[in-house]
Amino acid sequence: MVTKVENIDQFNRYFHQATCHPQVSVGNLYDADHSLFEPTDFGMYCVVLMDADFGELVLRGSCMRYRAGTIFTMKPGHVVSMNLDPSVHPRGWMLAFRPEQIVNTGLGRDFYMFNFFDYEVFEALELYEGERRTIMNCFNNILAELHAPDDEFTSHMLRLCIGQLLSHCRRFYDRQFDTRKMGTSELVHQLDSMLDGYLAPGSDLPRRFGPPQVSWCSNQFHLSANYFGEVVKRELGITAKEFIQNKIIERAESLLGESKMSVNEVAAQLGFNYSNHFTRFFRNLTGKSPSEFRQTILSK
């Protein structure tokens, strides 16, 4: 059975604390009722700092134990639970803010940068000690604003504080990508080989799944599409979608230039159900139709 948290009042009851603001709260996991860790959809955006390894997190079907100093995030619709370790008391902090905080606000305008809310549990942010202190300063700033006298600037200041916390998370994720770069280089090499195999003669993958997509590729690495995209972009300087499209064009040009297959047959070979979709795709990326490209090759 999944509990759904409908509002901040309900969230605060888990922490035995009063509500200071109707759309934002911070809870201390040390004070939390253990029912907090049963399967729950908090119906809000949440940022959780784990300050102890006190059990196994279960989120969207994946399980993970985190060392102290790890951050994971959730958004409305995510169901999370913890298989608690009875020998360790929960410690950490949990920010929750309602979706209304990002509707027609400056925080909402910048929210595209914070795609880590879609990362999988094993893609959590592992903080260095100095980074943890920075994150705790952000939590403390939010807490200070929540407990300050309410005035016309309260909601605005809270959004600024939340934005600062999320921006630091984004910065520290970038550092994490850099420190794992050797592994990401191997990932990109494997991706290149994987796409060559996907589009190779005799492969039935295009027929079964269509042209290769970011979602299919990320699934092969057991990564979320957003995290996978960040890895590829930081390694290659282009998006994962652009990299995949370039591989499709490379294969298309090879088939058009080196075989007697018709444009319709080339389109089918690459997974396009309709040749006009392939023609549009090819023209958008090369500036020429497949027939025009082939004529250029033949005229040389």
# chains A, B, ... in the order shown; residues from 1 in each chain; ligands from 1
call {"tool": "select_by_dssp", "arguments": {"residues": "segment 4-242 of chain A", "states": "strand (DSSP E or B)", "output": "NGL selection string"}}
result
:A and (4 or 24-28 or 40-41 or 45-50 or 55-59 or 62-65 or 70-74 or 79-84 or 92-97 or 125-126)
call {"tool": "residues_around", "arguments": {"residues": "Phe97 of chain A", "least_positions_apart": "6", "cutoff": "10 Å", "atoms": "only C-alpha atoms", "output": "PyMOL selection string"}}
result
chain A and resi 7-8+21-26+42-47+75+158-159+162
call {"tool": "atom_distance", "arguments": {"atom1": "atom CA of Leu298 of chain A", "atom2": "atom CA of Lys260 of chain A"}}
result
11.6 Å
call {"tool": "residues_around", "arguments": {"residues": "Val266 of chain A", "least_positions_apart": "3", "cutoff": "12 Å", "atoms": "only C-alpha atoms", "output": "PyMOL selection string"}}
result
chain A and resi 199+201+206-207+211+248-249+251-263+269-279+282+290-291+294
call {"tool": "write_last_selection", "arguments": {"atoms": "C-alpha atoms", "output": "PDB file, in the first residue's frame"}}
result
ATOM      1  CA  LEU A 199      22.640  -0.287 -37.669  1.00  0.00           C
ATOM      2  CA  PRO A 201      23.555  -5.199 -42.097  1.00  0.00           C
ATOM      3  CA  PRO A 206      15.804  -1.181 -36.540  1.00  0.00           C
ATOM      4  CA  ARG A 207      12.878  -3.300 -37.710  1.00  0.00           C
ATOM      5  CA  PRO A 211      15.891   4.135 -35.523  1.00  0.00           C
ATOM      6  CA  ILE A 248      22.259   7.252 -38.469  1.00  0.00           C
ATOM      7  CA  ILE A 249      23.313   9.773 -41.132  1.00  0.00           C
ATOM      8  CA  ARG A 251      25.099   4.763 -42.032  1.00  0.00           C
ATOM      9  CA  ALA A 252      22.539   6.265 -44.411  1.00  0.00           C
ATOM     10  CA  GLU A 253      25.244   7.936 -46.496  1.00  0.00           C
ATOM     11  CA  SER A 254      27.142   4.656 -46.673  1.00  0.00           C
ATOM     12  CA  LEU A 255      24.068   2.770 -47.915  1.00  0.00           C
ATOM     13  CA  LEU A 256      23.155   5.481 -50.419  1.00  0.00           C
ATOM     14  CA  GLY A 257      26.679   5.725 -51.787  1.00  0.00           C
ATOM     15  CA  GLU A 258      27.804   2.122 -51.770  1.00  0.00           C
ATOM     16  CA  SER A 259      24.692   0.046 -52.484  1.00  0.00           C
ATOM     17  CA  LYS A 260      21.987  -0.184 -55.108  1.00  0.00           C
ATOM     18  CA  MET A 261      19.225  -0.098 -52.504  1.00  0.00           C
ATOM     19  CA  SER A 262      16.362   2.272 -53.247  1.00  0.00           C
ATOM     20  CA  VAL A 263      15.667   5.195 -50.880  1.00  0.00           C
ATOM     21  CA  GLN A 269      16.956  -0.738 -43.277  1.00  0.00           C
ATOM     22  CA  LEU A 270      17.420   2.131 -40.797  1.00  0.00           C
ATOM     23  CA  GLY A 271      14.084   1.558 -39.074  1.00  0.00           C
ATOM     24  CA  PHE A 272      11.941   4.304 -40.614  1.00  0.00           C
ATOM     25  CA  ASN A 273       8.389   3.111 -41.232  1.00  0.00           C
ATOM     26  CA  TYR A 274       7.822   5.724 -43.928  1.00  0.00           C
ATOM     27  CA  SER A 275      10.382   6.839 -46.487  1.00  0.00           C
ATOM     28  CA  ASN A 276       9.159  10.435 -46.346  1.00  0.00           C
ATOM     29  CA  HIS A 277      10.076  10.517 -42.627  1.00  0.00           C
ATOM     30  CA  PHE A 278      13.566   9.344 -43.527  1.00  0.00           C
ATOM     31  CA  THR A 279      13.818  11.906 -46.335  1.00  0.00           C
ATOM     32  CA  PHE A 282      18.086  13.258 -43.838  1.00  0.00           C
ATOM     33  CA  PRO A 290      18.720  11.197 -50.037  1.00  0.00           C
ATOM     34  CA  SER A 291      18.256  11.257 -53.826  1.00  0.00           C
ATOM     35  CA  ARG A 294      23.180   9.958 -54.105  1.00  0.00           C
TER      36      ARG A 294
END
call {"tool": "closest_atom_pairs", "arguments": {"of": "segment 11-75 of chain A", "to": "segment 104-120 of chain A", "cutoff": "12 Å", "atoms": "only C-alpha atoms", "output": "JSON lines"}}
result
{"residue": "A:Met44", "atom": "CA", "partner": "A:Phe117", "partner_atom": "CA", "distance": 11.0}
{"residue": "A:Tyr45", "atom": "CA", "partner": "A:Phe117", "partner_atom": "CA", "distance": 7.9}
{"residue": "A:Cys46", "atom": "CA", "partner": "A:Phe117", "partner_atom": "CA", "distance": 8.5}
{"residue": "A:Val47", "atom": "CA", "partner": "A:Phe117", "partner_atom": "CA", "distance": 8.7}
{"residue": "A:Val48", "atom": "CA", "partner": "A:Phe117", "partner_atom": "CA", "distance": 11.3}
{"residue": "A:Leu57", "atom": "CA", "partner": "A:Glu120", "partner_atom": "CA", "distance": 11.3}
{"residue": "A:Val58", "atom": "CA", "partner": "A:Glu120", "partner_atom": "CA", "distance": 10.4}
{"residue": "A:Leu59", "atom": "CA", "partner": "A:Glu120", "partner_atom": "CA", "distance": 7.9}
{"residue": "A:Arg60", "atom": "CA", "partner": "A:Glu120", "partner_atom": "CA", "distance": 8.0}
{"residue": "A:Gly61", "atom": "CA", "partner": "A:Glu120", "partner_atom": "CA", "distance": 9.7}
{"residue": "A:Ser62", "atom": "CA", "partner": "A:Glu120", "partner_atom": "CA", "distance": 7.7}
{"residue": "A:Cys63", "atom": "CA", "partner": "A:Glu120", "partner_atom": "CA", "distance": 9.7}
{"residue": "A:Met64", "atom": "CA", "partner": "A:Glu120", "partner_atom": "CA", "distance": 9.9}
{"residue": "A:Ile71", "atom": "CA", "partner": "A:Phe116", "partner_atom": "CA", "distance": 10.5}
{"residue": "A:Phe72", "atom": "CA", "partner": "A:Phe117", "partner_atom": "CA", "distance": 8.2}
{"residue": "A:Thr73", "atom": "CA", "partner": "A:Phe117", "partner_atom": "CA", "distance": 5.3}
{"residue": "A:Met74", "atom": "CA", "partner": "A:Phe117", "partner_atom": "CA", "distance": 5.6}
{"residue": "A:Lys75", "atom": "CA", "partner": "A:Phe117", "partner_atom": "CA", "distance": 6.2}
call {"tool": "residues_around", "arguments": {"residues": "Ser35 of chain A", "least_positions_apart": "5", "cutoff": "10 Å", "atoms": "only C-alpha atoms", "output": "list in words"}}
result
Thr3, Tyr14, Thr40, Ser81 and Met82 of chain A
call {"tool": "write_last_selection", "arguments": {"atoms": "N, CA, C and O atoms", "output": "mmCIF file, in the first residue's frame"}}
result
data_model
loop_
_atom_site.group_PDB
_atom_site.id
_atom_site.type_symbol
_atom_site.label_atom_id
_atom_site.label_comp_id
_atom_site.auth_asym_id
_atom_site.auth_seq_id
_atom_site.Cartn_x
_atom_site.Cartn_y
_atom_site.Cartn_z
ATOM 1 N N THR A 3 1.235 5.305 0.550
ATOM 2 C CA THR A 3 0.667 6.506 1.157
ATOM 3 C C THR A 3 0.968 7.694 0.259
ATOM 4 O O THR A 3 2.092 7.844 -0.221
ATOM 5 N N TYR A 14 4.938 13.933 9.862
ATOM 6 C CA TYR A 14 5.956 12.879 9.967
ATOM 7 C C TYR A 14 7.103 13.300 10.879
ATOM 8 O O TYR A 14 7.770 12.461 11.480
ATOM 9 N N THR A 40 5.780 5.632 -0.056
ATOM 10 C CA THR A 40 5.104 6.934 -0.019
ATOM 11 C C THR A 40 5.358 7.705 -1.302
ATOM 12 O O THR A 40 6.489 7.730 -1.809
ATOM 13 N N SER A 81 10.618 4.251 -0.540
ATOM 14 C CA SER A 81 10.548 3.620 0.776
ATOM 15 C C SER A 81 11.963 3.280 1.215
ATOM 16 O O SER A 81 12.918 3.356 0.437
ATOM 17 N N MET A 82 12.105 2.903 2.487
ATOM 18 C CA MET A 82 13.402 2.507 3.029
ATOM 19 C C MET A 82 13.238 1.185 3.772
ATOM 20 O O MET A 82 12.312 1.017 4.567
#
call {"tool": "atom_distance", "arguments": {"atom1": "atom CA of Glu152 of chain A", "atom2": "atom CA of Ile102 of chain A"}}
result
17.7 Å
call {"tool": "closest_residue", "arguments": {"among": "A:Gly202, A:Cys20, A:Ala96, A:Asn284", "to": "Pro149 of chain A", "atoms": "only C-alpha atoms"}}
result
A:Cys20
call {"tool": "closest_residue", "arguments": {"among": "A:Phe139, A:Phe281, A:Phe15, A:Phe122", "to": "His222 of chain A", "atoms": "only C-alpha atoms"}}
result
A:Phe122
call {"tool": "atom_distance", "arguments": {"atom1": "atom CA of Ser87 of chain A", "atom2": "atom CA of Asn28 of chain A"}}
result
18.7 Å
call {"tool": "residues_around", "arguments": {"residues": "Gln220 of chain A", "least_positions_apart": "5", "cutoff": "10 Å", "atoms": "only C-alpha atoms", "output": "ChimeraX atom specification"}}
result
/A:191,194,215
call {"tool": "write_last_selection", "arguments": {"atoms": "C-alpha atoms", "output": "PDB file, in the first residue's frame"}}
result
ATOM      1  CA  LEU A 191      27.979   3.502 -27.286  1.00  0.00           C
ATOM      2  CA  MET A 194      26.655  -0.417 -29.894  1.00  0.00           C
ATOM      3  CA  SER A 215      16.013   5.992 -24.261  1.00  0.00           C
TER       4      SER A 215
END
